[in-house]
Amino acid sequence: MGLKHHERFITRTRSWKPRNPRSVKERTRAIVFQCSSSIVHDGLVAQSHKLARIGNKDLFDTGGESQLSLSPLWPKNVYHLLREAKSLSRHHQYPSPIVRNLTVFMRKSPQSELIPILTKEDLNSVALKL
């Protein structure tokens with residue numbers, strides 16, 4: 001695959017077809033892969049901008065000049081909390097929330113402490129505090 005010892009970090013892959021085929025380019029081939037741990041997942045998401053500079057030819061030994069694009073697929077509960085937290089952060093002009101170890105975190109400023117958001121009630125209480 002071009003990444004040394006990738007089998008330690010990626011445990012399973014499968015093809016994926018987006019629900020809205022117009023949302024991706026015609027020649028895009030999408031795959032989903034499962035990471036060996038949430039720490040590996042967080043690291044890949046955090047470094048996705050660097051991975052985008054690597055060509056698929058180098059990664060998969062294929063022809064062509066296509067690029068790699070990573071987008072996280074979160075569990076439904078994490079996705080919904082993250083979406084609501086992003087909306088709240090935009091409304092109050094706070095830094096974007098982040099996800100670490102499948103937990104959503106928010107903060108009032110880039111220097112302030114991260115506040116974990118585990119439930120919608122947590123998000124509501126954070127909205128009142130911030």
# chains A, B, ... in the order shown; residues from 1 in each chain; ligands from 1

call {"tool": "select_by_dssp", "arguments": {"residues": "region 32-107 of chain A", "states": "strand (DSSP E or B)", "output": "JSON, numbers by chain"}}
result
{"A": [32, 33, 34, 35, 55, 67, 98, 99, 100, 103, 104, 105, 106]}

call {"tool": "write_last_selection", "arguments": {"atoms": "all heavy atoms", "output": "mmCIF file, in the first residue's frame"}}
result
data_model
loop_
_atom_site.group_PDB
_atom_site.id
_atom_site.type_symbol
_atom_site.label_atom_id
_atom_site.label_comp_id
_atom_site.auth_asym_id
_atom_site.auth_seq_id
_atom_site.Cartn_x
_atom_site.Cartn_y
_atom_site.Cartn_z
ATOM 1 N N VAL A 32 -14.092 2.712 2.732
ATOM 2 C CA VAL A 32 -14.177 2.972 4.163
ATOM 3 C C VAL A 32 -13.175 2.040 4.818
ATOM 4 O O VAL A 32 -13.074 0.866 4.456
ATOM 5 C CB VAL A 32 -15.602 2.680 4.700
ATOM 6 C CG1 VAL A 32 -15.657 2.803 6.201
ATOM 7 C CG2 VAL A 32 -16.610 3.599 4.045
ATOM 8 N N PHE A 33 -12.427 2.566 5.766
ATOM 9 C CA PHE A 33 -11.528 1.684 6.492
ATOM 10 C C PHE A 33 -11.713 1.862 7.985
ATOM 11 O O PHE A 33 -12.066 2.930 8.461
ATOM 12 C CB PHE A 33 -10.051 1.869 6.083
ATOM 13 C CG PHE A 33 -9.514 3.253 6.295
ATOM 14 C CD1 PHE A 33 -8.968 3.624 7.508
ATOM 15 C CD2 PHE A 33 -9.531 4.173 5.261
ATOM 16 C CE1 PHE A 33 -8.447 4.884 7.695
ATOM 17 C CE2 PHE A 33 -9.009 5.439 5.439
ATOM 18 C CZ PHE A 33 -8.471 5.798 6.662
ATOM 19 N N GLN A 34 -11.519 0.786 8.690
ATOM 20 C CA GLN A 34 -11.646 0.783 10.144
ATOM 21 C C GLN A 34 -10.249 0.825 10.740
ATOM 22 O O GLN A 34 -9.369 0.049 10.364
ATOM 23 C CB GLN A 34 -12.374 -0.468 10.618
ATOM 24 C CG GLN A 34 -12.557 -0.527 12.108
ATOM 25 C CD GLN A 34 -13.332 -1.771 12.531
ATOM 26 O OE1 GLN A 34 -13.614 -2.650 11.732
ATOM 27 N NE2 GLN A 34 -13.658 -1.843 13.792
ATOM 28 N N CYS A 35 -10.047 1.758 11.638
ATOM 29 C CA CYS A 35 -8.750 1.898 12.299
ATOM 30 C C CYS A 35 -8.653 0.943 13.481
ATOM 31 O O CYS A 35 -9.662 0.543 14.054
ATOM 32 C CB CYS A 35 -8.554 3.329 12.778
ATOM 33 S SG CYS A 35 -8.536 4.514 11.441
ATOM 34 N N GLY A 55 -0.075 11.133 -3.494
ATOM 35 C CA GLY A 55 -0.865 10.636 -4.617
ATOM 36 C C GLY A 55 -1.273 9.187 -4.410
ATOM 37 O O GLY A 55 -0.571 8.406 -3.754
ATOM 38 N N GLN A 67 -5.652 12.101 -6.154
ATOM 39 C CA GLN A 67 -5.232 12.410 -4.790
ATOM 40 C C GLN A 67 -6.139 11.711 -3.782
ATOM 41 O O GLN A 67 -7.277 11.378 -4.069
ATOM 42 C CB GLN A 67 -5.286 13.914 -4.552
ATOM 43 C CG GLN A 67 -4.317 14.723 -5.387
ATOM 44 C CD GLN A 67 -2.883 14.366 -5.125
ATOM 45 O OE1 GLN A 67 -2.206 13.902 -6.037
ATOM 46 N NE2 GLN A 67 -2.401 14.562 -3.937
ATOM 47 N N ILE A 98 -14.023 19.773 18.529
ATOM 48 C CA ILE A 98 -13.179 18.698 18.011
ATOM 49 C C ILE A 98 -13.670 17.375 18.573
ATOM 50 O O ILE A 98 -14.429 17.335 19.547
ATOM 51 C CB ILE A 98 -11.697 18.917 18.372
ATOM 52 C CG1 ILE A 98 -11.510 18.949 19.897
ATOM 53 C CG2 ILE A 98 -11.156 20.166 17.726
ATOM 54 C CD1 ILE A 98 -10.059 18.944 20.320
ATOM 55 N N VAL A 99 -13.240 16.296 17.956
ATOM 56 C CA VAL A 99 -13.572 14.954 18.429
ATOM 57 C C VAL A 99 -12.278 14.239 18.730
ATOM 58 O O VAL A 99 -11.376 14.179 17.886
ATOM 59 C CB VAL A 99 -14.386 14.161 17.381
ATOM 60 C CG1 VAL A 99 -14.677 12.758 17.882
ATOM 61 C CG2 VAL A 99 -15.670 14.880 17.038
ATOM 62 N N ARG A 100 -12.184 13.719 19.936
ATOM 63 C CA ARG A 100 -11.046 12.885 20.341
ATOM 64 C C ARG A 100 -11.594 11.671 21.068
ATOM 65 O O ARG A 100 -12.419 11.817 21.974
ATOM 66 C CB ARG A 100 -10.102 13.648 21.275
ATOM 67 C CG ARG A 100 -9.323 14.724 20.574
ATOM 68 C CD ARG A 100 -8.231 15.261 21.455
ATOM 69 N NE ARG A 100 -7.560 16.361 20.774
ATOM 70 C CZ ARG A 100 -7.031 17.376 21.397
ATOM 71 N NH1 ARG A 100 -7.074 17.453 22.710
ATOM 72 N NH2 ARG A 100 -6.437 18.322 20.718
ATOM 73 N N THR A 103 -15.286 11.374 21.514
ATOM 74 C CA THR A 103 -15.939 12.322 22.419
ATOM 75 C C THR A 103 -15.810 13.717 21.814
ATOM 76 O O THR A 103 -14.728 14.107 21.384
ATOM 77 C CB THR A 103 -15.271 12.306 23.809
ATOM 78 O OG1 THR A 103 -15.343 10.984 24.339
ATOM 79 C CG2 THR A 103 -15.971 13.257 24.763
ATOM 80 N N VAL A 104 -16.916 14.448 21.794
ATOM 81 C CA VAL A 104 -16.919 15.815 21.278
ATOM 82 C C VAL A 104 -16.437 16.748 22.384
ATOM 83 O O VAL A 104 -16.849 16.612 23.534
ATOM 84 C CB VAL A 104 -18.331 16.228 20.810
ATOM 85 C CG1 VAL A 104 -18.357 17.668 20.332
ATOM 86 C CG2 VAL A 104 -18.841 15.289 19.729
ATOM 87 N N PHE A 105 -15.572 17.705 22.025
ATOM 88 C CA PHE A 105 -15.064 18.689 22.980
ATOM 89 C C PHE A 105 -15.313 20.080 22.430
ATOM 90 O O PHE A 105 -15.185 20.319 21.228
ATOM 91 C CB PHE A 105 -13.561 18.520 23.219
ATOM 92 C CG PHE A 105 -13.193 17.285 23.968
ATOM 93 C CD1 PHE A 105 -12.879 16.121 23.291
ATOM 94 C CD2 PHE A 105 -13.152 17.286 25.357
ATOM 95 C CE1 PHE A 105 -12.524 14.974 23.983
ATOM 96 C CE2 PHE A 105 -12.798 16.143 26.051
ATOM 97 C CZ PHE A 105 -12.486 14.986 25.363
ATOM 98 N N MET A 106 -15.642 21.011 23.341
ATOM 99 C CA MET A 106 -15.803 22.422 22.992
ATOM 100 C C MET A 106 -14.961 23.253 23.937
ATOM 101 O O MET A 106 -14.578 22.793 25.001
ATOM 102 C CB MET A 106 -17.270 22.850 23.124
ATOM 103 C CG MET A 106 -18.184 22.283 22.086
ATOM 104 S SD MET A 106 -19.842 22.965 22.229
ATOM 105 C CE MET A 106 -19.564 24.620 21.606
#

call {"tool": "residues_around", "arguments": {"residues": "Lys76 (chain A)", "least_positions_apart": "6", "cutoff": "12 Å", "atoms": "only C-alpha atoms", "output": "tab-separated table (two decimals) with N, CA and C atoms, in the first residue's frame"}}
result
chain	number	residue	atom	x	y	z
A	82	LEU	N	-21.71	16.46	17.35
A	82	LEU	CA	-20.73	17.32	16.70
A	82	LEU	C	-21.43	18.37	15.84
A	83	ARG	N	-22.45	17.97	15.11
A	83	ARG	CA	-23.18	18.91	14.26
A	83	ARG	C	-23.84	20.01	15.10
A	102	LEU	N	-13.69	9.54	20.19
A	102	LEU	CA	-15.14	9.49	19.98
A	102	LEU	C	-15.92	10.34	20.99

call {"tool": "atom_distance", "arguments": {"atom1": "CA of His80 (chain A)", "atom2": "CA of Arg53 (chain A)"}}
result
29.7 Å
